[in-house]
>>> print(open('work35.txt').read())   # compact mmCIF, C-alpha atoms and all ligand atoms
# COMPACT_ATOMS: atom_id res chain seq x y z
CA MET A 1066 0.00 0.00 0.00
CA SER A 1067 1.37 3.37 -0.95
CA ASP A 1068 1.86 5.77 1.97
CA HIS A 1069 1.35 8.61 -0.44
CA LEU A 1070 -2.08 7.35 -1.51
CA LEU A 1071 -3.10 6.74 2.09
CA LYS A 1072 -2.12 10.30 3.01
CA GLN A 1073 -4.11 11.72 0.10
CA HIS A 1074 -7.29 9.98 1.30
CA ARG A 1075 -6.68 10.94 4.93
CA ASP A 1076 -6.16 14.57 3.95
CA ALA A 1077 -9.44 14.40 2.04
CA ILE A 1078 -11.19 12.94 5.10
CA ASP A 1079 -9.72 15.70 7.32
CA ALA A 1080 -11.01 18.40 4.97
CA ILE A 1081 -14.46 16.75 4.77
CA ASP A 1082 -14.62 16.41 8.56
CA GLN A 1083 -14.06 20.16 8.90
CA GLN A 1084 -16.91 20.76 6.45
CA ILE A 1085 -19.17 18.33 8.32
CA LEU A 1086 -18.26 20.04 11.60
CA ALA A 1087 -19.12 23.48 10.22
CA LEU A 1088 -22.37 22.21 8.69
CA ILE A 1089 -23.52 20.37 11.83
CA ASN A 1090 -22.97 23.54 13.82
CA GLN A 1091 -24.85 25.60 11.24
CA ARG A 1092 -27.70 23.11 11.61
CA ALA A 1093 -27.51 23.43 15.39
CA GLN A 1094 -27.72 27.24 15.09
CA HIS A 1095 -30.98 26.88 13.16
CA ALA A 1096 -32.33 24.46 15.77
CA ARG A 1097 -31.39 26.92 18.53
CA THR A 1098 -33.24 29.73 16.71
CA ILE A 1099 -36.24 27.44 16.18
CA GLY A 1100 -36.13 26.84 19.94
CA GLU A 1101 -36.29 30.60 20.55
CA ILE A 1102 -39.27 30.88 18.18
CA LYS A 1103 -41.02 28.05 20.04
CA GLY A 1104 -40.44 29.95 23.31
CA SER A 1105 -41.54 28.06 26.40
CA GLY A 1106 -43.73 25.67 24.34
CA VAL A 1107 -43.11 22.05 23.38
CA VAL A 1108 -39.72 21.61 21.67
CA TYR A 1109 -39.84 17.95 20.62
CA ARG A 1110 -41.68 17.51 17.32
CA PRO A 1111 -42.04 13.78 16.58
CA GLU A 1112 -43.67 14.30 13.17
CA ARG A 1113 -40.84 16.57 12.00
CA GLU A 1114 -38.18 14.13 13.25
CA ALA A 1115 -39.91 11.25 11.45
CA GLN A 1116 -39.99 13.30 8.23
CA VAL A 1117 -36.29 14.19 8.52
CA LEU A 1118 -35.31 10.54 9.06
CA THR A 1119 -37.55 9.34 6.22
CA ARG A 1120 -36.03 11.92 3.84
CA ILE A 1121 -32.51 10.88 4.83
CA LYS A 1122 -33.30 7.20 4.17
CA GLU A 1123 -35.05 7.91 0.88
CA THR A 1124 -32.40 10.26 -0.56
CA ASN A 1125 -29.31 8.49 0.78
CA PRO A 1126 -26.90 7.93 -2.15
CA GLY A 1127 -24.73 5.32 -0.33
CA PRO A 1128 -22.35 3.58 0.11
CA LEU A 1129 -23.54 3.88 3.73
CA SER A 1130 -26.91 2.16 4.24
CA GLY A 1131 -30.07 4.21 4.73
CA GLU A 1132 -30.43 2.70 8.19
CA THR A 1133 -26.89 3.76 9.17
CA CYS A 1134 -27.42 7.32 7.89
CA ALA A 1135 -30.73 7.57 9.73
CA ARG A 1136 -29.01 6.50 12.95
CA LEU A 1137 -26.31 9.18 12.48
CA PHE A 1138 -28.94 11.84 11.84
CA ARG A 1139 -30.91 10.55 14.83
CA GLU A 1140 -27.94 11.56 17.00
CA ILE A 1141 -27.46 14.91 15.23
CA MET A 1142 -31.13 15.77 15.83
CA SER A 1143 -30.86 14.63 19.43
CA ALA A 1144 -27.96 17.04 20.00
CA CYS A 1145 -29.75 19.87 18.17
CA LEU A 1146 -32.91 19.36 20.23
CA ALA A 1147 -30.86 19.40 23.44
CA LEU A 1148 -29.68 22.91 22.49
CA GLU A 1149 -33.33 24.00 22.49
CA ARG A 1150 -34.04 22.18 25.76
CA PRO A 1151 -32.70 18.82 27.00
CA LEU A 1152 -35.41 16.16 27.42
CA THR A 1153 -35.81 13.67 30.25
CA ILE A 1154 -37.30 10.29 29.40
CA ALA A 1155 -38.75 8.00 32.09
CA PHE A 1156 -38.36 4.26 31.55
CA LEU A 1157 -38.68 0.95 33.41
CA GLY A 1158 -35.30 0.61 35.09
CA PRO A 1159 -32.76 -0.22 36.23
CA GLU A 1160 -30.11 1.10 33.84
CA GLY A 1161 -29.41 -1.33 31.02
CA THR A 1162 -32.96 -2.52 30.25
CA PHE A 1163 -34.29 -2.92 26.71
CA THR A 1164 -36.70 -0.09 27.48
CA GLN A 1165 -33.74 2.23 28.08
CA ALA A 1166 -32.22 1.03 24.78
CA ALA A 1167 -35.55 1.85 23.09
CA ALA A 1168 -35.63 5.32 24.68
CA ILE A 1169 -32.11 6.03 23.38
CA LYS A 1170 -32.94 4.60 19.96
CA HIS A 1171 -35.88 7.01 19.72
CA PHE A 1172 -34.51 10.17 21.39
CA GLY A 1173 -30.74 9.71 20.87
CA HIS A 1174 -27.97 10.00 23.45
CA ALA A 1175 -28.45 13.71 24.20
CA ALA A 1176 -31.68 12.92 26.08
CA SER A 1177 -31.39 12.03 29.78
CA THR A 1178 -33.02 8.78 30.80
CA LEU A 1179 -34.66 8.42 34.20
CA ALA A 1180 -34.85 4.86 35.56
CA CYS A 1181 -38.14 4.08 37.36
CA ALA A 1182 -39.01 1.10 39.56
CA SER A 1183 -42.09 0.07 37.56
CA ILE A 1184 -44.06 0.94 34.44
CA ASP A 1185 -46.64 2.58 36.75
CA GLU A 1186 -43.96 4.76 38.29
CA ALA A 1187 -42.61 5.78 34.86
CA PHE A 1188 -46.13 6.91 33.81
CA ARG A 1189 -46.68 8.69 37.13
CA VAL A 1190 -43.43 10.68 36.88
CA VAL A 1191 -44.42 12.02 33.46
CA GLU A 1192 -48.03 12.66 34.53
CA ALA A 1193 -46.62 14.75 37.42
CA ARG A 1194 -44.31 16.54 34.93
CA GLY A 1195 -41.18 15.16 36.60
CA ALA A 1196 -40.01 13.96 33.14
CA ASP A 1197 -41.03 14.89 29.59
CA TYR A 1198 -41.94 11.51 28.08
CA VAL A 1199 -42.30 7.89 29.10
CA VAL A 1200 -41.19 4.98 26.93
CA ALA A 1201 -43.06 1.76 27.77
CA PRO A 1202 -43.05 -1.70 26.15
CA VAL A 1203 -46.43 -2.61 24.66
CA GLU A 1204 -45.97 -5.86 22.73
CA ASN A 1205 -43.38 -8.47 21.91
CA SER A 1206 -43.47 -10.51 18.70
CA THR A 1207 -43.04 -13.78 20.63
CA GLU A 1208 -44.77 -13.15 23.93
CA GLY A 1209 -47.60 -10.80 22.97
CA ALA A 1210 -49.01 -7.83 24.83
CA VAL A 1211 -47.54 -6.14 27.90
CA GLY A 1212 -50.71 -6.00 29.99
CA ARG A 1213 -49.61 -3.38 32.48
CA THR A 1214 -48.87 -0.80 29.78
CA LEU A 1215 -52.25 -1.45 28.14
CA ASP A 1216 -54.06 -1.09 31.48
CA LEU A 1217 -52.33 2.20 32.26
CA MET A 1218 -53.22 3.64 28.87
CA VAL A 1219 -56.95 3.34 29.62
CA THR A 1220 -56.80 5.98 32.36
CA THR A 1221 -53.66 8.06 31.77
CA PRO A 1222 -54.07 11.68 30.64
CA LEU A 1223 -50.90 11.22 28.54
CA GLN A 1224 -51.10 10.69 24.80
CA ILE A 1225 -49.09 8.41 22.57
CA CYS A 1226 -46.83 10.57 20.41
CA GLY A 1227 -44.45 7.95 19.01
CA GLU A 1228 -43.51 4.28 18.69
CA VAL A 1229 -40.16 2.48 18.75
CA VAL A 1230 -39.50 -0.97 17.35
CA LEU A 1231 -36.44 -2.71 18.77
CA ARG A 1232 -34.88 -6.04 17.74
CA ILE A 1233 -34.36 -7.95 20.96
CA HIS A 1234 -31.24 -10.06 21.26
CA HIS A 1235 -30.75 -12.06 24.44
CA HIS A 1236 -27.39 -13.36 25.61
CA PHE A 1237 -26.45 -15.94 28.23
CA LEU A 1238 -24.28 -14.05 30.71
CA ARG A 1239 -22.06 -15.02 33.57
CA GLN A 1240 -19.25 -13.76 35.80
CA THR A 1241 -17.05 -16.76 34.92
CA PRO A 1242 -16.19 -17.64 31.29
CA ASP A 1243 -17.51 -21.27 31.33
CA MET A 1244 -20.77 -23.23 31.73
CA LEU A 1245 -19.64 -25.14 34.87
CA GLY A 1246 -21.46 -25.15 38.21
CA ILE A 1247 -24.46 -23.04 37.23
CA LYS A 1248 -27.17 -23.35 39.89
CA ARG A 1249 -29.63 -20.68 38.76
CA VAL A 1250 -30.39 -18.33 35.92
CA TYR A 1251 -32.06 -14.97 36.43
CA SER A 1252 -34.06 -12.96 33.95
CA HIS A 1253 -37.37 -11.21 33.40
CA ALA A 1254 -40.21 -13.74 32.96
CA GLN A 1255 -40.73 -12.67 29.32
CA SER A 1256 -37.05 -13.19 28.50
CA LEU A 1257 -37.01 -16.62 30.19
CA ALA A 1258 -40.03 -17.50 28.04
CA GLN A 1259 -38.42 -16.12 24.87
CA CYS A 1260 -35.35 -18.36 25.41
CA HIS A 1261 -36.95 -21.47 26.86
CA GLU A 1262 -35.93 -23.81 24.01
CA TRP A 1263 -32.30 -22.74 24.32
CA LEU A 1264 -32.49 -23.18 28.12
CA ASN A 1265 -34.05 -26.64 27.78
CA LYS A 1266 -31.28 -27.70 25.39
CA HIS A 1267 -28.30 -26.27 27.25
CA LEU A 1268 -29.13 -26.40 30.95
CA GLY A 1269 -30.16 -29.37 33.09
CA ASP A 1270 -33.40 -29.57 35.09
CA GLU A 1271 -31.49 -28.83 38.28
CA VAL A 1272 -30.76 -25.27 37.16
CA GLU A 1273 -33.40 -23.04 38.68
CA ARG A 1274 -34.99 -20.37 36.44
CA ILE A 1275 -35.76 -17.34 38.55
CA SER A 1276 -37.83 -14.48 37.19
CA VAL A 1277 -36.85 -11.02 38.42
CA ALA A 1278 -38.16 -7.49 37.78
CA SER A 1279 -35.91 -6.85 34.76
CA ASN A 1280 -33.13 -8.39 32.70
CA ALA A 1281 -30.76 -5.76 34.04
CA GLU A 1282 -31.64 -6.79 37.61
CA GLY A 1283 -30.92 -10.42 36.62
CA ALA A 1284 -27.54 -9.36 35.22
CA ARG A 1285 -26.77 -7.45 38.41
CA LEU A 1286 -27.56 -10.52 40.55
CA ALA A 1287 -25.42 -12.76 38.30
CA SER A 1288 -22.53 -10.32 38.62
CA LEU A 1289 -22.57 -10.83 42.42
CA ASP A 1290 -22.57 -14.64 42.45
CA PRO A 1291 -20.38 -17.09 40.46
CA SER A 1292 -22.99 -19.88 40.65
CA SER A 1293 -25.59 -17.73 38.90
CA ALA A 1294 -26.13 -16.76 35.27
CA ALA A 1295 -28.46 -14.28 33.60
CA ILE A 1296 -30.23 -13.70 30.32
CA ALA A 1297 -30.03 -10.07 29.20
CA GLY A 1298 -29.04 -7.84 26.32
CA ASP A 1299 -25.84 -6.04 25.35
CA SER A 1300 -26.23 -2.99 27.55
CA ALA A 1301 -26.75 -5.03 30.73
CA ALA A 1302 -23.80 -7.29 29.79
CA GLU A 1303 -21.58 -4.22 29.44
CA LYS A 1304 -22.88 -2.46 32.52
CA PHE A 1305 -22.22 -5.45 34.77
CA SER A 1306 -19.04 -6.65 32.94
CA LEU A 1307 -20.40 -10.15 32.35
CA ASN A 1308 -19.07 -12.73 29.90
CA LYS A 1309 -21.31 -13.58 26.96
CA LEU A 1310 -21.26 -17.40 26.98
CA ALA A 1311 -23.82 -17.59 24.17
CA VAL A 1312 -25.21 -14.76 22.05
CA ASN A 1313 -28.64 -14.29 20.43
CA ILE A 1314 -30.21 -17.21 22.27
CA GLU A 1315 -33.81 -16.11 21.65
CA ASP A 1316 -35.95 -18.93 20.17
CA GLU A 1317 -37.52 -16.64 17.60
CA PRO A 1318 -34.88 -15.04 15.33
CA ASN A 1319 -37.07 -12.02 14.50
CA ASN A 1320 -37.79 -11.27 18.13
CA THR A 1321 -38.86 -7.62 18.34
CA THR A 1322 -40.51 -5.48 20.98
CA ARG A 1323 -42.65 -2.47 20.24
CA PHE A 1324 -42.57 0.44 22.68
CA LEU A 1325 -44.79 3.51 22.90
CA VAL A 1326 -43.72 7.07 23.69
CA LEU A 1327 -46.25 9.03 25.74
CA GLY A 1328 -46.36 12.63 26.94
CA TYR A 1329 -48.66 15.64 27.27
CA GLN A 1330 -48.52 16.15 23.54
CA GLN A 1331 -50.51 15.35 20.43
CA ALA A 1332 -48.12 14.83 17.51
CA ALA A 1333 -48.95 16.63 14.27
CA ARG A 1334 -49.46 14.74 11.01
CA SER A 1335 -46.24 13.27 9.58
CA GLY A 1336 -47.80 11.70 6.48
CA LYS A 1337 -47.20 8.12 7.68
CA ASP A 1338 -49.18 7.91 10.88
CA LYS A 1339 -50.98 5.46 13.12
CA THR A 1340 -53.78 6.01 15.60
CA SER A 1341 -54.35 3.91 18.72
CA LEU A 1342 -57.79 3.52 20.28
CA VAL A 1343 -59.24 1.76 23.26
CA ILE A 1344 -62.88 0.76 22.94
CA SER A 1345 -65.35 -1.36 24.79
CA ALA A 1346 -68.85 -2.67 24.23
CA PRO A 1347 -71.51 -4.14 26.54
CA ASN A 1348 -70.96 -7.86 26.97
CA ARG A 1349 -73.52 -9.41 24.62
CA PRO A 1350 -73.33 -11.69 21.58
CA GLY A 1351 -71.92 -9.93 18.52
CA ALA A 1352 -70.36 -7.12 20.60
CA LEU A 1353 -66.93 -7.59 19.06
CA HIS A 1354 -68.33 -7.42 15.54
CA THR A 1355 -70.10 -4.17 16.50
CA LEU A 1356 -66.74 -2.61 17.35
CA VAL A 1357 -64.84 -3.77 14.27
CA GLU A 1358 -67.57 -3.14 11.72
CA PRO A 1359 -67.50 0.73 11.78
CA LEU A 1360 -63.76 0.67 11.05
CA ALA A 1361 -64.13 -1.77 8.15
CA ARG A 1362 -67.19 0.03 6.73
CA ASN A 1363 -65.29 3.34 6.59
CA GLY A 1364 -62.23 1.74 4.96
CA VAL A 1365 -59.94 2.20 7.98
CA SER A 1366 -57.32 -0.55 8.07
CA MET A 1367 -56.38 -2.05 11.37
CA SER A 1368 -52.88 -3.29 12.16
CA LYS A 1369 -53.62 -4.54 15.69
CA PHE A 1370 -56.60 -5.63 17.76
CA GLU A 1371 -55.98 -6.82 21.28
CA SER A 1372 -58.45 -7.70 24.01
CA ARG A 1373 -57.84 -7.23 27.71
CA PRO A 1374 -60.09 -7.93 30.72
CA SER A 1375 -61.53 -4.65 31.98
CA ARG A 1376 -60.16 -3.54 35.33
CA THR A 1377 -62.96 -1.12 36.10
CA GLY A 1378 -65.57 -3.90 36.34
CA LEU A 1379 -67.90 -1.84 34.16
CA TRP A 1380 -67.29 -3.92 31.08
CA GLU A 1381 -65.96 -7.43 30.67
CA TYR A 1382 -63.32 -6.53 28.14
CA VAL A 1383 -61.63 -3.54 26.60
CA PHE A 1384 -60.12 -3.70 23.12
CA PHE A 1385 -56.98 -1.95 21.92
CA ALA A 1386 -56.91 -1.15 18.22
CA ASP A 1387 -54.14 0.36 16.10
CA VAL A 1388 -55.37 1.78 12.81
CA ASP A 1389 -53.60 3.41 9.87
CA GLY A 1390 -53.92 7.15 9.49
CA PHE A 1391 -54.07 10.38 11.45
CA ILE A 1392 -56.90 11.34 13.81
CA ASP A 1393 -58.43 14.00 11.56
CA ASP A 1394 -58.41 11.87 8.38
CA VAL A 1395 -61.96 11.84 6.98
CA PRO A 1396 -62.45 8.02 7.03
CA LEU A 1397 -61.12 7.78 10.59
CA GLN A 1398 -63.36 10.63 11.79
CA ALA A 1399 -66.37 8.90 10.20
CA ALA A 1400 -65.43 5.55 11.79
CA LEU A 1401 -64.99 7.17 15.21
CA LYS A 1402 -68.38 8.85 14.96
CA ASP A 1403 -70.01 5.51 14.11
CA LEU A 1404 -68.07 3.80 16.90
CA GLN A 1405 -69.27 6.34 19.45
CA ASP A 1406 -72.85 5.31 18.61
CA VAL A 1407 -72.28 1.62 19.36
CA ALA A 1408 -69.41 1.45 21.89
CA ALA A 1409 -69.80 1.92 25.62
CA PHE A 1410 -66.41 3.63 25.80
CA VAL A 1411 -64.03 5.07 23.20
CA LYS A 1412 -60.74 6.77 23.98
CA VAL A 1413 -58.26 7.97 21.37
CA LEU A 1414 -54.85 7.18 22.81
CA GLY A 1415 -53.03 9.26 20.20
CA SER A 1416 -52.04 9.68 16.56
CA TYR A 1417 -48.33 9.41 15.95
CA PRO A 1418 -45.69 8.80 13.25
CA GLN A 1419 -44.91 5.19 12.38
CA ALA A 1420 -41.45 4.12 13.54
CA VAL A 1421 -38.82 5.07 10.93
CA ILE A 1422 -35.66 3.45 12.33
C1 LIG A 1501 -35.36 21.90 15.09
C2 LIG A 1501 -36.53 21.54 15.56
O1 LIG A 1501 -36.70 21.02 16.87
C3 LIG A 1501 -36.43 19.64 17.16
C4 LIG A 1501 -35.21 19.19 16.46
C5 LIG A 1501 -35.30 18.73 15.17
C6 LIG A 1501 -34.08 18.61 14.29
O2 LIG A 1501 -32.97 18.69 14.83
O3 LIG A 1501 -34.24 18.49 13.07
C7 LIG A 1501 -36.55 18.35 14.66
C8 LIG A 1501 -37.69 18.44 15.41
C9 LIG A 1501 -37.68 18.86 16.81
O4 LIG A 1501 -37.81 17.71 17.64
C10 LIG A 1501 -37.80 21.69 14.78
O5 LIG A 1501 -38.87 21.70 15.38
O6 LIG A 1501 -37.69 21.79 13.55
>>> encode(input="work35.txt", output="structure tokens")
Amino acid sequence: MSDHLLKQHRDAIDAIDQQILALINQRAQHARTIGEIKGSGVVYRPEREAQVLTRIKETNPGPLSGETCARLFREIMSACLALERPLTIAFLGPEGTFTQAAAIKHFGHAASTLACASIDEAFRVVEARGADYVVAPVENSTEGAVGRTLDLMVTTPLQICGEVVLRIHHHFLRQTPDMLGIKRVYSHAQSLAQCHEWLNKHLGDEVERISVASNAEGARLASLDPSSAAIAGDSAAEKFSLNKLAVNIEDEPNNTTRFLVLGYQQAARSGKDKTSLVISAPNRPGALHTLVEPLARNGVSMSKFESRPSRTGLWEYVFFADVDGFIDDVPLQAALKDLQDVAAFVKVLGSYPQAVI
């Protein structure tokens, strides 16, 4: 390899870096001015961020992938937004959970994350304006709905203003670098379930499976005791300096979790939006059909329909529906009007941009 050629390319990179540096700061100046124009109002604009990321992906000339460029711009926007006002995001702690990874994926590293002891607590902190937004898991592709998040959404005054989809990779973690003398394995119940085939194959019956409040808590416990192991993701492995004895041990290779972002904010239309509803009908034959029919009749397509026992005792079940489109779209307005005539309870949980990255 010619040293001369190498130097030429490095000089070019140095010159480009200076241009990038100047341009990023020019961008930040605009964001700061936008912040001044917004005044004391809401600074985070999910629809605008979704549009920026979509444009970057669609116009990216390569060789970097669209996904990679969107991630880079995600961080640039995060830093620009922090110049307007830094955001605090409540999540189900401790540090190192997948929910924290989802919060960072959505808001970037310039946002501060606030670990909470439970999903309830994370909602409560934001409701009391102790943090700006809450990120909460709502469904996993293998394990289904996260009931607690659904229950909280029925009564919270917060609105959904975004969604995050995260690929979940579980690793088998331990203080020592071998599989000898393992007496117990800690993880969240959902993660134990998502890896049960791997566990059945690689661990004997005598190894106890202990479900704990979070994967990160499992990793913490395993870091204190050489006879214990844990199942958790990358960030918990790093945080507690554990060895990865096996990586990506989830039974389902496309294991993903969807999270919702909630705050005191209705997102504006991004052009590629979803609306979430919770509805309920009196418990009589055909009730479910009554709830679905107005959506179908008005040509509103549904991407999710989930039932959940009602906790108020007023109705037997409540139903969570995700539909395509923004709240003031004509077909959706018509469907909602028809629904209000037949449903005992309808609450719009929010209209928000579909996840871009
Ligand atoms: C700059 C703005 O504020 C924030 C930062 C954005 C950015 O860096 O592009 C986009 C949306 C907002 O969350 C804006 O509203 O345009």
>>> residues_around(input="work35.txt", residues="range 1382-1393 of chain A", least_positions_apart="2", cutoff="7 Å", atoms="only C-alpha atoms", output="MDAnalysis selection string")
chainID A and resid 1334 1338:1345 1365:1375 1380 1395 1397:1398 1416
>>> closest_residue(input="work35.txt", among="A:Leu1086, A:Ala1077, A:Cys1226, A:Leu1401", to="ligand LIG 1501 (chain A)", atoms="only C-alpha atoms and all ligand atoms")
A:Cys1226
>>> residues_near_ligand(input="work35.txt", ligand="ligand LIG 1501 (chain A)", cutoff="6 Å", atoms="only C-alpha atoms and all ligand atoms", output="ChimeraX atom specification")
/A:1096,1099,1108-1111,1113-1114,1142,1145-1146
>>> atom_distance(input="work35.txt", atom1="CA of Gln1405 in chain A", atom2="CA of Val1219 in chain A")
16.3 Å
>>> closest_residue(input="work35.txt", among="A:Gly1173, A:Pro1418, A:Gly1269, A:Pro1318", to="Gly1336 in chain A", atoms="only C-alpha atoms")
A:Pro1418
>>> residues_near_point(input="work35.txt", point="(-39.0, -11.8, 30.8)", cutoff="10 Å", atoms="only C-alpha atoms", output="list in words")
Glu1208, Tyr1251, Ser1252, His1253, Ala1254, Gln1255, Ser1256, Leu1257, Ala1258, Gln1259, Cys1260, Ser1276, Val1277, Ala1278, Ser1279, Asn1280, Ile1296 and Ala1297 of chain A
>>> residues_around(input="work35.txt", residues="Ala1311 in chain A", least_positions_apart="4", cutoff="10 Å", atoms="all atoms listed in the file", output="list in words")
His1235, His1236, Phe1237, Leu1238, Arg1239, Met1244, Trp1263 and Ile1296 of chain A
>>> write_last_selection(input="work35.txt", atoms="C-alpha atoms", output="short mmCIF file (atom, residue, chain, number, x, y, z; two decimals), keeping the file's coordinate frame")
data_model
loop_
_atom_site.label_atom_id
_atom_site.label_comp_id
_atom_site.auth_asym_id
_atom_site.auth_seq_id
_atom_site.Cartn_x
_atom_site.Cartn_y
_atom_site.Cartn_z
CA HIS A 1235 -30.75 -12.06 24.44
CA HIS A 1236 -27.39 -13.36 25.61
CA PHE A 1237 -26.45 -15.94 28.23
CA LEU A 1238 -24.28 -14.05 30.71
CA ARG A 1239 -22.06 -15.02 33.57
CA MET A 1244 -20.77 -23.23 31.73
CA TRP A 1263 -32.30 -22.74 24.32
CA ILE A 1296 -30.23 -13.70 30.32
#
>>> residues_around(input="work35.txt", residues="Ser1177 in chain A", least_positions_apart="2", cutoff="12 Å", atoms="all atoms listed in the file", output="PyMOL selection string")
chain A and resi 1143-1144+1147+1150-1156+1160+1165+1168-1169+1172-1175+1179-1180+1196-1199
>>> write_last_selection(input="work35.txt", atoms="C-alpha atoms", output="mmCIF file, in the frame of the given file")
data_model
loop_
_atom_site.group_PDB
_atom_site.id
_atom_site.type_symbol
_atom_site.label_atom_id
_atom_site.label_comp_id
_atom_site.auth_asym_id
_atom_site.auth_seq_id
_atom_site.Cartn_x
_atom_site.Cartn_y
_atom_site.Cartn_z
ATOM 1 C CA SER A 1143 -30.860 14.630 19.430
ATOM 2 C CA ALA A 1144 -27.960 17.040 20.000
ATOM 3 C CA ALA A 1147 -30.860 19.400 23.440
ATOM 4 C CA ARG A 1150 -34.040 22.180 25.760
ATOM 5 C CA PRO A 1151 -32.700 18.820 27.000
ATOM 6 C CA LEU A 1152 -35.410 16.160 27.420
ATOM 7 C CA THR A 1153 -35.810 13.670 30.250
ATOM 8 C CA ILE A 1154 -37.300 10.290 29.400
ATOM 9 C CA ALA A 1155 -38.750 8.000 32.090
ATOM 10 C CA PHE A 1156 -38.360 4.260 31.550
ATOM 11 C CA GLU A 1160 -30.110 1.100 33.840
ATOM 12 C CA GLN A 1165 -33.740 2.230 28.080
ATOM 13 C CA ALA A 1168 -35.630 5.320 24.680
ATOM 14 C CA ILE A 1169 -32.110 6.030 23.380
ATOM 15 C CA PHE A 1172 -34.510 10.170 21.390
ATOM 16 C CA GLY A 1173 -30.740 9.710 20.870
ATOM 17 C CA HIS A 1174 -27.970 10.000 23.450
ATOM 18 C CA ALA A 1175 -28.450 13.710 24.200
ATOM 19 C CA LEU A 1179 -34.660 8.420 34.200
ATOM 20 C CA ALA A 1180 -34.850 4.860 35.560
ATOM 21 C CA ALA A 1196 -40.010 13.960 33.140
ATOM 22 C CA ASP A 1197 -41.030 14.890 29.590
ATOM 23 C CA TYR A 1198 -41.940 11.510 28.080
ATOM 24 C CA VAL A 1199 -42.300 7.890 29.100
#
>>> atom_distance(input="work35.txt", atom1="CA of Gln1116 in chain A", atom2="CA of Ile1422 in chain A")
11.5 Å
>>> residues_near_point(input="work35.txt", point="(-29.7, -2.6, 34.4)", cutoff="10 Å", atoms="only C-alpha atoms", output="JSON list (two decimals) with C-alpha atoms, in the frame of the given file")
[["chain", "number", "residue", "atom", "x", "y", "z"],
["A", 1157, "LEU", "CA", -38.68, 0.95, 33.41],
["A", 1158, "GLY", "CA", -35.30, 0.61, 35.09],
["A", 1159, "PRO", "CA", -32.76, -0.22, 36.23],
["A", 1160, "GLU", "CA", -30.11, 1.10, 33.84],
["A", 1161, "GLY", "CA", -29.41, -1.33, 31.02],
["A", 1162, "THR", "CA", -32.96, -2.52, 30.25],
["A", 1163, "PHE", "CA", -34.29, -2.92, 26.71],
["A", 1165, "GLN", "CA", -33.74, 2.23, 28.08],
["A", 1180, "ALA", "CA", -34.85, 4.86, 35.56],
["A", 1279, "SER", "CA", -35.91, -6.85, 34.76],
["A", 1280, "ASN", "CA", -33.13, -8.39, 32.70],
["A", 1281, "ALA", "CA", -30.76, -5.76, 34.04],
["A", 1282, "GLU", "CA", -31.64, -6.79, 37.61],
["A", 1283, "GLY", "CA", -30.92, -10.42, 36.62],
["A", 1284, "ALA", "CA", -27.54, -9.36, 35.22],
["A", 1285, "ARG", "CA", -26.77, -7.45, 38.41],
["A", 1297, "ALA", "CA", -30.03, -10.07, 29.20],
["A", 1298, "GLY", "CA", -29.04, -7.84, 26.32],
["A", 1300, "SER", "CA", -26.23, -2.99, 27.55],
["A", 1301, "ALA", "CA", -26.75, -5.03, 30.73],
["A", 1302, "ALA", "CA", -23.80, -7.29, 29.79],
["A", 1303, "GLU", "CA", -21.58, -4.22, 29.44],
["A", 1304, "LYS", "CA", -22.88, -2.46, 32.52],
["A", 1305, "PHE", "CA", -22.22, -5.45, 34.77]]
>>> closest_residue(input="work35.txt", among="A:Leu1289, A:Ile1314, A:Ala1080, A:Leu1148", to="Arg1092 in chain A", atoms="all atoms listed in the file")
A:Leu1148
>>> decode(input="work35.txt", residues="range 1278-1306 of chain A", atoms="C-alpha atoms", output="PDB file, in the first residue's frame")
ATOM      1  CA  ALA A1278     -38.155  -7.487  37.784  1.00  0.00           C
ATOM      2  CA  SER A1279     -35.911  -6.849  34.761  1.00  0.00           C
ATOM      3  CA  ASN A1280     -33.126  -8.394  32.704  1.00  0.00           C
ATOM      4  CA  ALA A1281     -30.756  -5.760  34.044  1.00  0.00           C
ATOM      5  CA  GLU A1282     -31.639  -6.787  37.609  1.00  0.00           C
ATOM      6  CA  GLY A1283     -30.916 -10.418  36.619  1.00  0.00           C
ATOM      7  CA  ALA A1284     -27.541  -9.357  35.224  1.00  0.00           C
ATOM      8  CA  ARG A1285     -26.773  -7.453  38.409  1.00  0.00           C
ATOM      9  CA  LEU A1286     -27.565 -10.516  40.546  1.00  0.00           C
ATOM     10  CA  ALA A1287     -25.425 -12.763  38.298  1.00  0.00           C
ATOM     11  CA  SER A1288     -22.533 -10.320  38.622  1.00  0.00           C
ATOM     12  CA  LEU A1289     -22.570 -10.834  42.418  1.00  0.00           C
ATOM     13  CA  ASP A1290     -22.571 -14.645  42.446  1.00  0.00           C
ATOM     14  CA  PRO A1291     -20.377 -17.089  40.463  1.00  0.00           C
ATOM     15  CA  SER A1292     -22.987 -19.883  40.649  1.00  0.00           C
ATOM     16  CA  SER A1293     -25.590 -17.725  38.896  1.00  0.00           C
ATOM     17  CA  ALA A1294     -26.132 -16.763  35.270  1.00  0.00           C
ATOM     18  CA  ALA A1295     -28.463 -14.284  33.601  1.00  0.00           C
ATOM     19  CA  ILE A1296     -30.231 -13.700  30.319  1.00  0.00           C
ATOM     20  CA  ALA A1297     -30.027 -10.073  29.198  1.00  0.00           C
ATOM     21  CA  GLY A1298     -29.037  -7.835  26.318  1.00  0.00           C
ATOM     22  CA  ASP A1299     -25.844  -6.042  25.351  1.00  0.00           C
ATOM     23  CA  SER A1300     -26.228  -2.991  27.546  1.00  0.00           C
ATOM     24  CA  ALA A1301     -26.754  -5.028  30.729  1.00  0.00           C
ATOM     25  CA  ALA A1302     -23.798  -7.290  29.787  1.00  0.00           C
ATOM     26  CA  GLU A1303     -21.578  -4.217  29.440  1.00  0.00           C
ATOM     27  CA  LYS A1304     -22.882  -2.461  32.516  1.00  0.00           C
ATOM     28  CA  PHE A1305     -22.215  -5.455  34.773  1.00  0.00           C
ATOM     29  CA  SER A1306     -19.038  -6.647  32.943  1.00  0.00           C
TER      30      SER A1306
END
